[in-house]
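Enquirer: Dropping in run_3.cif, with mmCIF, C-alpha atoms and all ligand atoms.
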data_structure
loop_
_atom_site.label_atom_id
_atom_site.label_comp_id
_atom_site.auth_asym_id
_atom_site.auth_seq_id
_atom_site.Cartn_x
_atom_site.Cartn_y
_atom_site.Cartn_z
CA MET A 1 -51.15 -9.18 21.17
CA PRO A 2 -52.20 -12.50 19.68
CA PRO A 3 -49.58 -15.27 19.55
CA GLY A 4 -47.33 -15.73 16.55
CA PHE A 5 -48.43 -16.40 13.01
CA GLN A 6 -47.71 -18.60 10.06
CA LEU A 7 -44.98 -17.65 7.60
CA GLY A 8 -45.06 -20.21 4.81
CA PRO A 9 -44.50 -23.56 6.52
CA PHE A 10 -43.19 -21.95 9.73
CA THR A 11 -45.12 -20.96 12.84
CA LEU A 12 -43.43 -17.95 14.42
CA PRO A 13 -43.76 -18.11 18.21
CA ASN A 14 -44.50 -14.42 18.67
CA ARG A 15 -44.62 -11.08 16.91
CA LEU A 16 -41.45 -9.42 18.17
CA PHE A 17 -38.56 -9.59 15.74
CA VAL A 18 -34.93 -8.55 16.02
CA ALA A 19 -33.84 -6.44 13.05
CA PRO A 20 -31.04 -7.39 10.69
CA MET A 21 -28.13 -5.08 11.50
CA ALA A 22 -24.87 -5.59 9.64
CA GLY A 23 -22.03 -6.00 12.12
CA VAL A 24 -24.48 -6.49 15.00
CA THR A 25 -27.14 -9.14 14.38
CA ASP A 26 -24.67 -11.96 13.93
CA ARG A 27 -25.44 -15.50 15.04
CA PRO A 28 -24.45 -15.01 18.72
CA PHE A 29 -26.56 -11.87 19.02
CA ARG A 30 -29.52 -13.43 17.22
CA GLN A 31 -29.41 -16.41 19.55
CA LEU A 32 -29.24 -14.16 22.59
CA CYS A 33 -32.25 -12.17 21.43
CA ARG A 34 -34.18 -15.33 20.64
CA ARG A 35 -33.46 -16.67 24.14
CA LEU A 36 -34.73 -13.44 25.63
CA GLY A 37 -38.00 -13.38 23.76
CA ALA A 38 -37.49 -12.40 20.13
CA GLY A 39 -39.71 -14.65 18.05
CA TYR A 40 -37.78 -14.26 14.83
CA ALA A 41 -34.40 -13.04 13.66
CA VAL A 42 -33.19 -12.14 10.19
CA SER A 43 -29.47 -12.41 9.56
CA GLU A 44 -27.29 -9.51 8.50
CA MET A 45 -27.33 -9.02 4.77
CA VAL A 46 -25.22 -11.22 2.56
CA THR A 47 -24.03 -9.79 -0.74
CA SER A 48 -25.22 -11.24 -4.04
CA ARG A 49 -21.71 -10.73 -5.40
CA LYS A 50 -20.38 -14.21 -5.98
CA GLU A 51 -16.73 -13.26 -5.71
CA LEU A 52 -17.33 -12.37 -2.04
CA TRP A 53 -19.12 -15.56 -0.99
CA GLY A 54 -15.90 -17.24 0.04
CA SER A 55 -14.77 -14.27 2.15
CA LEU A 56 -14.43 -14.60 5.89
CA LYS A 57 -17.02 -11.89 6.45
CA THR A 58 -19.64 -13.58 4.29
CA SER A 59 -18.98 -17.02 5.74
CA ARG A 60 -19.31 -15.64 9.28
CA ARG A 61 -22.54 -13.96 8.28
CA ALA A 62 -23.77 -17.26 6.90
CA ASP A 63 -23.00 -19.10 10.16
CA HIS A 64 -26.18 -20.54 11.66
CA THR A 65 -24.68 -23.23 13.89
CA GLY A 66 -27.13 -24.23 16.59
CA GLU A 67 -29.56 -21.48 15.69
CA PRO A 68 -33.26 -22.17 16.17
CA GLY A 69 -35.20 -22.09 12.90
CA PRO A 70 -36.49 -20.76 10.74
CA ILE A 71 -33.16 -19.56 9.38
CA ALA A 72 -33.80 -16.32 7.51
CA VAL A 73 -31.01 -14.93 5.34
CA GLN A 74 -31.10 -11.43 3.94
CA ILE A 75 -29.61 -10.84 0.51
CA ALA A 76 -28.68 -7.55 -1.12
CA GLY A 77 -27.82 -6.70 -4.69
CA THR A 78 -28.78 -4.95 -7.87
CA ASP A 79 -29.04 -7.63 -10.49
CA ALA A 80 -32.04 -9.96 -10.71
CA ALA A 81 -30.13 -13.00 -11.97
CA MET A 82 -27.40 -12.57 -9.35
CA MET A 83 -29.98 -12.15 -6.60
CA ALA A 84 -31.75 -15.32 -7.73
CA GLU A 85 -28.45 -17.15 -7.70
CA ALA A 86 -27.64 -15.79 -4.23
CA ALA A 87 -31.02 -16.99 -2.99
CA ALA A 88 -30.40 -20.51 -4.33
CA TYR A 89 -26.87 -20.56 -2.91
CA ASN A 90 -28.09 -19.60 0.55
CA ILE A 91 -30.95 -22.10 0.45
CA ASP A 92 -28.41 -24.81 -0.36
CA ARG A 93 -26.54 -23.71 2.78
CA GLY A 94 -29.51 -23.86 5.09
CA ALA A 95 -31.59 -20.71 4.54
CA GLN A 96 -35.28 -21.47 5.09
CA ILE A 97 -36.50 -17.96 4.36
CA ILE A 98 -34.94 -15.43 1.98
CA ASP A 99 -35.28 -11.75 2.81
CA ILE A 100 -34.57 -9.10 0.18
CA ASN A 101 -32.90 -5.93 1.42
CA MET A 102 -34.48 -2.74 0.09
CA GLY A 103 -33.84 -0.82 3.28
CA CYS A 104 -30.17 0.07 3.60
CA PRO A 105 -29.43 3.73 2.94
CA ALA A 106 -25.63 3.49 2.70
CA LYS A 107 -23.94 5.31 -0.17
CA LYS A 108 -21.78 2.44 -1.23
CA VAL A 109 -24.81 0.24 -1.53
CA CYS A 110 -26.85 2.98 -3.15
CA ASN A 111 -24.25 3.86 -5.76
CA LYS A 112 -24.65 0.33 -6.95
CA TRP A 113 -28.41 0.69 -6.78
CA ALA A 114 -28.88 -1.82 -4.01
CA GLY A 115 -30.63 -1.46 -0.66
CA SER A 116 -33.20 1.32 -0.47
CA ALA A 117 -31.97 2.84 -3.72
CA LEU A 118 -33.84 0.07 -5.47
CA MET A 119 -37.08 1.67 -4.36
CA ARG A 120 -36.40 4.43 -6.88
CA ASN A 121 -36.20 1.99 -9.74
CA GLU A 122 -39.51 0.22 -9.40
CA ALA A 123 -39.14 -1.88 -12.54
CA LEU A 124 -35.78 -3.26 -11.40
CA ALA A 125 -37.07 -3.77 -7.85
CA LEU A 126 -39.95 -5.84 -9.18
CA GLU A 127 -37.70 -7.75 -11.57
CA ILE A 128 -35.49 -8.73 -8.63
CA VAL A 129 -38.45 -9.82 -6.52
CA GLU A 130 -39.87 -11.94 -9.35
CA ALA A 131 -36.52 -13.60 -10.03
CA VAL A 132 -35.97 -14.44 -6.37
CA VAL A 133 -39.54 -15.71 -5.90
CA ASP A 134 -39.14 -17.89 -9.02
CA VAL A 135 -36.13 -19.61 -7.49
CA CYS A 136 -37.50 -19.91 -3.95
CA THR A 137 -41.10 -20.99 -4.53
CA PRO A 138 -40.32 -24.41 -6.07
CA ARG A 139 -38.02 -25.03 -3.10
CA GLY A 140 -40.79 -24.21 -0.62
CA VAL A 141 -38.89 -21.19 0.69
CA PRO A 142 -40.89 -18.04 1.48
CA VAL A 143 -39.46 -14.74 0.26
CA THR A 144 -39.82 -11.69 2.50
CA LEU A 145 -38.71 -8.13 1.90
CA LYS A 146 -37.60 -5.18 3.99
CA MET A 147 -37.92 -1.66 2.71
CA ARG A 148 -38.34 1.96 3.70
CA THR A 149 -41.31 4.27 3.11
CA GLY A 150 -39.76 5.54 -0.12
CA TRP A 151 -36.80 7.31 -1.60
CA SER A 152 -37.63 10.77 -0.29
CA LEU A 153 -40.61 12.61 1.18
CA GLU A 154 -41.69 13.49 -2.36
CA GLU A 155 -41.25 9.93 -3.55
CA ARG A 156 -42.92 7.88 -0.84
CA ASN A 157 -43.87 4.94 -3.00
CA ALA A 158 -43.96 2.15 -0.40
CA LEU A 159 -47.66 1.50 -0.93
CA ARG A 160 -47.40 1.08 -4.70
CA LEU A 161 -44.36 -1.14 -4.38
CA ALA A 162 -45.90 -3.17 -1.56
CA ARG A 163 -48.92 -4.01 -3.72
CA ALA A 164 -46.68 -5.05 -6.59
CA PHE A 165 -44.47 -7.15 -4.31
CA GLU A 166 -47.47 -8.90 -2.78
CA ALA A 167 -48.78 -9.72 -6.26
CA ALA A 168 -45.31 -11.07 -7.16
CA GLY A 169 -45.41 -13.53 -4.26
CA ILE A 170 -43.71 -11.86 -1.30
CA ALA A 171 -44.82 -13.61 1.90
CA MET A 172 -44.16 -10.86 4.46
CA LEU A 173 -43.12 -7.23 4.26
CA THR A 174 -41.21 -5.15 6.81
CA ILE A 175 -41.28 -1.37 6.59
CA HIS A 176 -38.87 0.96 8.34
CA GLY A 177 -40.82 4.21 8.74
CA ARG A 178 -38.20 6.46 7.18
CA THR A 179 -37.33 7.43 3.63
CA ARG A 180 -33.95 6.64 2.12
CA GLU A 181 -33.11 10.33 2.19
CA GLN A 182 -33.62 10.48 5.95
CA GLY A 183 -30.99 7.85 6.64
CA TYR A 184 -31.46 7.36 10.38
CA LYS A 185 -32.31 11.00 11.12
CA GLY A 186 -35.59 12.48 12.23
CA LEU A 187 -38.39 10.34 13.53
CA ALA A 188 -39.89 7.27 11.98
CA GLU A 189 -43.48 7.81 10.79
CA TYR A 190 -46.12 5.16 10.95
CA ASP A 191 -48.82 6.48 8.60
CA THR A 192 -47.23 4.83 5.57
CA ILE A 193 -46.90 1.55 7.46
CA ALA A 194 -50.58 1.75 8.46
CA ALA A 195 -51.59 2.43 4.86
CA VAL A 196 -49.57 -0.54 3.58
CA LYS A 197 -50.98 -2.82 6.27
CA ALA A 198 -54.53 -1.79 5.38
CA ALA A 199 -53.95 -2.51 1.69
CA LEU A 200 -52.21 -5.90 1.92
CA SER A 201 -53.25 -9.41 2.95
CA ILE A 202 -49.74 -10.67 3.76
CA PRO A 203 -48.23 -9.96 7.21
CA VAL A 204 -46.73 -6.48 7.57
CA VAL A 205 -44.02 -5.75 10.13
CA ALA A 206 -43.57 -2.25 11.55
CA ASN A 207 -40.04 -1.03 12.21
CA GLY A 208 -38.34 2.16 13.34
CA ASP A 209 -37.68 3.80 16.71
CA ILE A 210 -39.51 1.24 18.82
CA ASN A 211 -37.61 1.54 22.07
CA SER A 212 -40.04 1.08 24.97
CA PRO A 213 -43.05 -1.04 25.88
CA GLU A 214 -45.34 1.98 25.54
CA LYS A 215 -43.98 2.77 22.09
CA ALA A 216 -44.46 -0.85 21.05
CA ARG A 217 -48.10 -0.77 22.07
CA GLU A 218 -48.63 2.57 20.36
CA VAL A 219 -47.06 1.48 17.06
CA LEU A 220 -49.01 -1.77 17.04
CA ALA A 221 -52.28 0.01 17.65
CA TYR A 222 -51.57 2.81 15.19
CA THR A 223 -50.39 0.68 12.29
CA GLY A 224 -52.38 -2.50 12.88
CA ALA A 225 -49.11 -4.28 11.97
CA ASP A 226 -48.82 -8.02 12.44
CA ALA A 227 -45.43 -7.77 14.15
CA LEU A 228 -42.81 -5.31 15.36
CA MET A 229 -39.14 -5.30 14.47
CA ILE A 230 -36.63 -3.84 16.91
CA GLY A 231 -33.07 -2.91 16.01
CA ARG A 232 -31.07 -0.31 17.88
CA ALA A 233 -33.05 -0.55 21.11
CA ALA A 234 -31.93 -4.17 21.42
CA GLN A 235 -28.25 -3.24 21.22
CA GLY A 236 -26.85 -3.91 24.68
CA ARG A 237 -30.42 -4.60 25.92
CA PRO A 238 -31.47 -7.88 24.35
CA TRP A 239 -33.98 -8.41 27.19
CA ILE A 240 -36.12 -5.70 25.61
CA PHE A 241 -38.00 -8.50 23.84
CA ARG A 242 -39.26 -10.12 27.03
CA GLU A 243 -40.05 -6.67 28.44
CA LEU A 244 -42.16 -5.79 25.40
CA ALA A 245 -43.85 -9.19 25.36
CA HIS A 246 -44.75 -8.90 29.04
CA TYR A 247 -46.10 -5.39 28.71
CA LEU A 248 -48.13 -6.18 25.61
CA ALA A 249 -49.62 -9.23 27.33
CA THR A 250 -50.32 -7.70 30.77
CA GLY A 251 -50.03 -3.91 30.53
CA GLU A 252 -47.43 -4.10 33.30
CA HIS A 253 -43.71 -3.48 33.27
CA LEU A 254 -41.33 -6.34 33.88
CA PRO A 255 -38.59 -5.36 36.36
CA ALA A 256 -35.20 -4.59 34.75
CA PRO A 257 -32.73 -7.48 34.84
CA THR A 258 -30.63 -7.80 37.96
CA VAL A 259 -27.05 -6.61 37.60
CA VAL A 260 -25.92 -10.20 38.08
CA GLU A 261 -28.17 -11.46 35.30
CA ALA A 262 -27.03 -8.71 32.92
CA ARG A 263 -23.39 -9.53 33.74
CA ASP A 264 -23.91 -13.22 33.12
CA LEU A 265 -25.83 -12.72 29.88
CA LEU A 266 -23.18 -10.41 28.52
CA THR A 267 -20.42 -12.79 29.59
CA GLU A 268 -22.09 -15.68 27.79
CA HIS A 269 -22.63 -13.51 24.74
CA LEU A 270 -18.94 -12.60 24.68
CA HIS A 271 -17.84 -16.24 24.90
CA ASP A 272 -20.06 -17.03 21.94
CA HIS A 273 -18.81 -13.94 20.11
CA TYR A 274 -15.13 -14.88 20.55
CA GLY A 275 -16.02 -18.37 19.34
CA LEU A 276 -17.30 -16.97 16.05
CA TYR A 277 -14.68 -14.27 15.45
CA GLY A 278 -11.59 -15.62 17.21
CA GLU A 279 -9.70 -13.75 19.94
CA LEU A 280 -7.99 -11.07 17.86
CA SER A 281 -10.92 -9.76 15.97
CA GLY A 282 -13.48 -10.89 18.58
CA VAL A 283 -12.04 -8.66 21.32
CA ARG A 284 -12.37 -5.66 19.06
CA SER A 285 -15.80 -6.34 17.67
CA ALA A 286 -17.07 -7.17 21.18
CA ARG A 287 -16.29 -3.61 22.29
CA LYS A 288 -19.34 -2.17 20.63
CA HIS A 289 -21.64 -4.67 22.35
CA ILE A 290 -20.03 -3.86 25.71
CA GLY A 291 -20.27 -0.13 25.02
CA TRP A 292 -23.99 -0.49 24.33
CA ALA A 293 -24.51 -2.61 27.44
CA VAL A 294 -23.02 0.03 29.75
CA ARG A 295 -24.38 3.04 27.85
CA GLY A 296 -26.22 5.42 30.15
CA LEU A 297 -25.24 3.50 33.28
CA PRO A 298 -23.29 5.23 36.08
CA GLY A 299 -19.60 5.18 35.13
CA GLY A 300 -20.43 3.50 31.82
CA GLU A 301 -18.65 5.96 29.55
CA ALA A 302 -15.35 5.80 31.48
CA PHE A 303 -15.57 2.02 31.44
CA ARG A 304 -16.22 1.97 27.71
CA GLN A 305 -13.08 4.00 27.12
CA HIS A 306 -11.04 1.73 29.38
CA MET A 307 -12.40 -1.29 27.53
CA ASN A 308 -10.99 0.06 24.29
CA THR A 309 -7.46 -0.31 25.68
CA LEU A 310 -7.78 -4.04 26.40
CA GLU A 311 -6.58 -6.45 23.73
CA HIS A 312 -7.25 -9.92 25.17
CA CYS A 313 -10.44 -11.86 25.80
CA ASP A 314 -9.59 -12.73 29.40
CA GLN A 315 -8.81 -9.09 30.24
CA GLN A 316 -12.05 -8.01 28.63
CA LEU A 317 -14.09 -10.61 30.49
CA GLN A 318 -12.45 -9.83 33.83
CA ALA A 319 -12.88 -6.07 33.44
CA LEU A 320 -16.52 -6.61 32.61
CA ARG A 321 -17.07 -8.84 35.60
CA ASP A 322 -15.35 -6.35 37.93
CA TRP A 323 -17.34 -3.45 36.54
CA PHE A 324 -20.70 -5.16 36.94
CA ASP A 325 -19.74 -6.40 40.40
CA ASP A 326 -18.97 -2.80 41.40
CA LEU A 327 -22.30 -1.69 40.02
CA GLY A 328 -23.91 -4.51 41.98
CA GLN A 329 -22.64 -2.92 45.21
CA THR A 330 -25.05 -0.05 44.74
CA HIS A 331 -27.75 -1.50 42.48
CA ASP A 332 -29.67 -4.74 42.63
CA ARG A 333 -31.20 -4.20 39.18
CA LEU A 334 -29.98 -2.24 36.16
CA PRO A 335 -31.00 1.39 36.54
CA ALA A 336 -33.77 2.27 34.08
CA ILE A 337 -32.65 4.23 31.05
CA LEU A 338 -34.41 4.85 27.77
CA ALA A 339 -32.55 3.21 24.90
CA ALA A 340 -30.86 5.89 22.81
CA ASN A 341 -31.77 5.50 19.20
CA ASP A 342 -30.05 8.33 17.48
CA GLU A 343 -26.35 8.02 17.94
CA ASP A 344 -25.59 5.22 15.53
CA THR A 345 -26.32 6.95 12.27
CA ALA A 346 -22.82 6.93 10.86
CA ASP A 347 -22.13 3.45 12.18
CA ALA A 348 -25.30 2.10 10.68
CA GLU A 349 -24.64 3.54 7.26
CA GLU A 350 -21.11 2.25 7.28
CA ALA A 351 -22.11 -1.19 8.54
CA CYS A 352 -24.80 -1.42 5.93
CA ALA A 353 -22.31 -0.62 3.20
CA ALA A 354 -19.92 -3.32 4.31
C1 LIG B 1 -25.70 -0.90 12.60
C2 LIG B 1 -26.90 -1.13 11.72
C3 LIG B 1 -26.82 -2.02 10.65
C4 LIG B 1 -27.93 -2.27 9.84
N1 LIG B 1 -27.85 -3.21 8.86
C5 LIG B 1 -28.97 -3.57 8.16
C6 LIG B 1 -28.95 -4.66 7.25
O1 LIG B 1 -27.94 -5.34 7.05
N2 LIG B 1 -30.11 -4.92 6.57
C7 LIG B 1 -31.26 -4.19 6.77
O2 LIG B 1 -32.29 -4.47 6.14
N3 LIG B 1 -31.30 -3.17 7.63
C8 LIG B 1 -30.20 -2.85 8.35
N4 LIG B 1 -30.27 -1.87 9.30
C9 LIG B 1 -31.57 -1.20 9.56
C10 LIG B 1 -32.33 -1.88 10.70
O3 LIG B 1 -32.69 -3.21 10.35
C11 LIG B 1 -33.61 -1.10 11.06
O4 LIG B 1 -34.43 -1.02 9.92
C12 LIG B 1 -33.31 0.32 11.53
O5 LIG B 1 -32.24 0.33 12.46
C13 LIG B 1 -34.55 0.96 12.17
O6 LIG B 1 -35.00 0.22 13.28
P1 LIG B 1 -34.66 0.66 14.81
O7 LIG B 1 -35.11 2.08 14.96
O8 LIG B 1 -35.42 -0.31 15.66
O9 LIG B 1 -33.17 0.55 14.96
C14 LIG B 1 -29.16 -1.58 10.09
C15 LIG B 1 -29.23 -0.68 11.16
C16 LIG B 1 -28.14 -0.46 11.99
C17 LIG B 1 -28.29 0.48 13.16
#
What is this file in structure tokens?
Ligand SMILES: Cc1cc2nc3c(=O)[nH]c(=O)nc-3n(C[C@H](O)[C@H](O)[C@H](O)COP(=O)(O)O)c2cc1C
Expert:
Amino acid sequence: MPPGFQLGPFTLPNRLFVAPMAGVTDRPFRQLCRRLGAGYAVSEMVTSRKELWGSLKTSRRADHTGEPGPIAVQIAGTDAAMMAEAAAYNIDRGAQIIDINMGCPAKKVCNKWAGSALMRNEALALEIVEAVVDVCTPRGVPVTLKMRTGWSLEERNALRLARAFEAAGIAMLTIHGRTREQGYKGLAEYDTIAAVKAALSIPVVANGDINSPEKAREVLAYTGADALMIGRAAQGRPWIFRELAHYLATGEHLPAPTVVEARDLLTEHLHDHYGLYGELSGVRSARKHIGWAVRGLPGGEAFRQHMNTLEHCDQQLQALRDWFDDLGQTHDRLPAILAANDEDTADAEEACAA
């Protein structure tokens, strides 16, 4: 895999991106993934609804303290003028790249014609893109876009839209290889991504179900994409980025992290997480990250359930330390498991709607 590429004024260090995931890819998680080899990270989506900009959720999502650039903020909405305003607002608060969300399948978003529902209304989708590009271009801010392959199998219009978006000034396009109708079910397909890549001159990023070094190599070769975006497989396994990078560069597998390293990385992540969310809500929202980290490991499920009974940061941290230290008695490195990619459907749709 060649090194990174140019996105507007920014040189991306490599071609492995962490996906925006509402409720997951917050600033602490983005920073962790970047440290472990992700070359680029897009923030969770921020609504274009002005009345929500002052909310705690939106201000946490807009937190980029100490984050390495470029700062990419994803916006979601249904109204071109509001989306343009949201882009300007986020640029004023530090966004260096604006990403338009046309990928979320959630009902709540779709009922308002946002997310992937926009793909069904091509005129509105294009109007939004043009309005956002108009605001961003004079400020030197590239506009990127993330979408699915289409609304449904019968309406797979990604190629037509991609051409229109490129002509309207989009600087990079990410495609999740599923239709809106599929939600997160079934398998991602890569033919549409390959067709879009072949037709466009701007960088195209392939996304969907990339959960192993072999799969990464296969998807890159099949689609000819310029970069890969990884979402669910990075949950609880942020080191996947260095593993993919190593395999793509050498054809060899990097050993799994030692149990001690995994423990320490998760501990640091939790400290950062509590810092952003505070103890009360941080302890609760950290549970999902811990659950993912121990998923598939011996005794992991029982530990996850125990974790749900703990209400304080210090209890959570201690329990985690004890659990990993126990695991370390029998394992030097984390036992190999294939990242599960299919159990988060409901969560993802709900998170996306939030
Ligand atoms: C919990 C969750 C939240 C998500 N939130 C967003 C989001 O805010 N914006 C977006 O464009 N996609 C969102 N997605 C979709 C992912 O970015 C990605 O396209 C999808 O998970 C497929 O990639 P994967 O198979 O590597 O997970 C979300 C996915 C999950 C699982």
Enquirer: May I have the residues within 8 Å of ligand LIG 1 (chain B), computed using only C-alpha atoms and all ligand atoms, as a PyMOL selection string?
Expert: chain A and resi 19-24+43-46+74+100-104+115+146-148+175-177+184+188+207-211+229-234+341+344-345+347-352
Enquirer: Neighbours of Arg263 in chain A within 8 Å (all atoms listed in the file; same-chain residues fewer than 4 positions away dropped), as a list of chain:residue names?
Expert: A:Val259, A:Thr267, A:Leu320, A:Arg321, A:Phe324
Enquirer: What does the distance between CA of Leu56 in chain A and CA of Pro70 in chain A come to in Å, to one decimal place?
Expert: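 If I compute the distance from CA of Leu56 in chain A to CA of Pro70 in chain A, I get 23.4 Å.
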Enquirer: Kindly give the distance, in Å, that separates CA of Asp272 in chain A and CA of Asp314 in chain A, rounded to a single decimal.
Expert: 13.6 Å
Enquirer: For Lys50 in chain A, work out the shell of residues within 12 Å, counting all atoms listed in the file and skipping chain neighbours fewer than 4 positions away, then give it as a list in words.
Expert: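 So the residues in contact are Val46, Gly54, Ser55, Thr58, Ile75, Ala76, Gly77, Asp79, Ala81, Met82, Met83, Ala84, Glu85, Ala86, Ala87, Ala88, Tyr89 and Asn90 of chain A.
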Enquirer: Tell me, in Å to one decimal, how far CA of Met307 in chain A is from CA of Arg287 in chain A.
Expert: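 Computed distance, CA of Met307 in chain A to CA of Arg287 in chain A, equals 6.9 Å.
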Enquirer: Could range 17-75 of chain A be written out with C-alpha atoms, as an mmCIF file, in the first residue's frame, please?
Expert:
data_model
loop_
_atom_site.group_PDB
_atom_site.id
_atom_site.type_symbol
_atom_site.label_atom_id
_atom_site.label_comp_id
_atom_site.auth_asym_id
_atom_site.auth_seq_id
_atom_site.Cartn_x
_atom_site.Cartn_y
_atom_site.Cartn_z
ATOM 1 C CA PHE A 17 -9.192 5.425 8.611
ATOM 2 C CA VAL A 18 -11.334 4.954 11.695
ATOM 3 C CA ALA A 19 -15.044 5.289 10.901
ATOM 4 C CA PRO A 20 -17.325 7.869 12.462
ATOM 5 C CA MET A 21 -19.542 5.984 14.915
ATOM 6 C CA ALA A 22 -21.980 7.984 17.012
ATOM 7 C CA GLY A 23 -21.457 7.181 20.685
ATOM 8 C CA VAL A 24 -18.144 5.448 19.940
ATOM 9 C CA THR A 25 -15.710 7.509 17.871
ATOM 10 C CA ASP A 26 -15.478 10.320 20.378
ATOM 11 C CA ARG A 27 -12.280 12.282 20.901
ATOM 12 C CA PRO A 28 -10.645 9.782 23.322
ATOM 13 C CA PHE A 29 -11.340 6.863 20.990
ATOM 14 C CA ARG A 30 -10.180 8.766 17.914
ATOM 15 C CA GLN A 31 -6.940 9.668 19.646
ATOM 16 C CA LEU A 32 -6.392 6.075 20.716
ATOM 17 C CA CYS A 33 -6.920 4.813 17.173
ATOM 18 C CA ARG A 34 -4.633 7.483 15.763
ATOM 19 C CA ARG A 35 -1.901 6.484 18.224
ATOM 20 C CA LEU A 36 -2.270 2.882 17.150
ATOM 21 C CA GLY A 37 -1.979 3.520 13.454
ATOM 22 C CA ALA A 38 -5.165 5.058 12.073
ATOM 23 C CA GLY A 39 -4.127 7.774 9.643
ATOM 24 C CA TYR A 40 -7.356 9.719 9.805
ATOM 25 C CA ALA A 41 -10.432 9.963 11.989
ATOM 26 C CA VAL A 42 -13.793 11.569 11.311
ATOM 27 C CA SER A 43 -15.789 12.689 14.317
ATOM 28 C CA GLU A 44 -19.238 11.388 15.170
ATOM 29 C CA MET A 45 -21.932 13.295 13.367
ATOM 30 C CA VAL A 46 -23.048 16.652 14.648
ATOM 31 C CA THR A 47 -26.601 17.734 13.915
ATOM 32 C CA SER A 48 -27.315 20.722 11.692
ATOM 33 C CA ARG A 49 -30.151 21.656 14.042
ATOM 34 C CA LYS A 50 -29.068 24.897 15.622
ATOM 35 C CA GLU A 51 -31.183 24.508 18.740
ATOM 36 C CA LEU A 52 -29.053 21.478 19.687
ATOM 37 C CA TRP A 53 -25.621 23.057 19.230
ATOM 38 C CA GLY A 54 -25.453 24.186 22.829
ATOM 39 C CA SER A 55 -26.398 20.738 24.174
ATOM 40 C CA LEU A 56 -23.934 18.748 26.213
ATOM 41 C CA LYS A 57 -23.968 15.935 23.671
ATOM 42 C CA THR A 58 -23.127 18.208 20.757
ATOM 43 C CA SER A 59 -20.444 20.079 22.655
ATOM 44 C CA ARG A 60 -18.809 16.791 23.686
ATOM 45 C CA ARG A 61 -18.952 15.645 20.092
ATOM 46 C CA ALA A 62 -17.294 18.883 19.054
ATOM 47 C CA ASP A 63 -14.438 18.418 21.553
ATOM 48 C CA HIS A 64 -11.106 18.171 19.733
ATOM 49 C CA THR A 65 -8.764 19.100 22.574
ATOM 50 C CA GLY A 66 -5.258 17.880 21.849
ATOM 51 C CA GLU A 67 -6.341 15.949 18.785
ATOM 52 C CA PRO A 68 -3.881 15.671 15.911
ATOM 53 C CA GLY A 69 -5.139 17.342 12.741
ATOM 54 C CA PRO A 70 -6.730 17.457 10.375
ATOM 55 C CA ILE A 71 -9.899 17.829 12.429
ATOM 56 C CA ALA A 72 -12.744 16.371 10.399
ATOM 57 C CA VAL A 73 -16.298 17.013 11.580
ATOM 58 C CA GLN A 74 -19.255 15.144 10.185
ATOM 59 C CA ILE A 75 -22.533 17.004 9.825
#
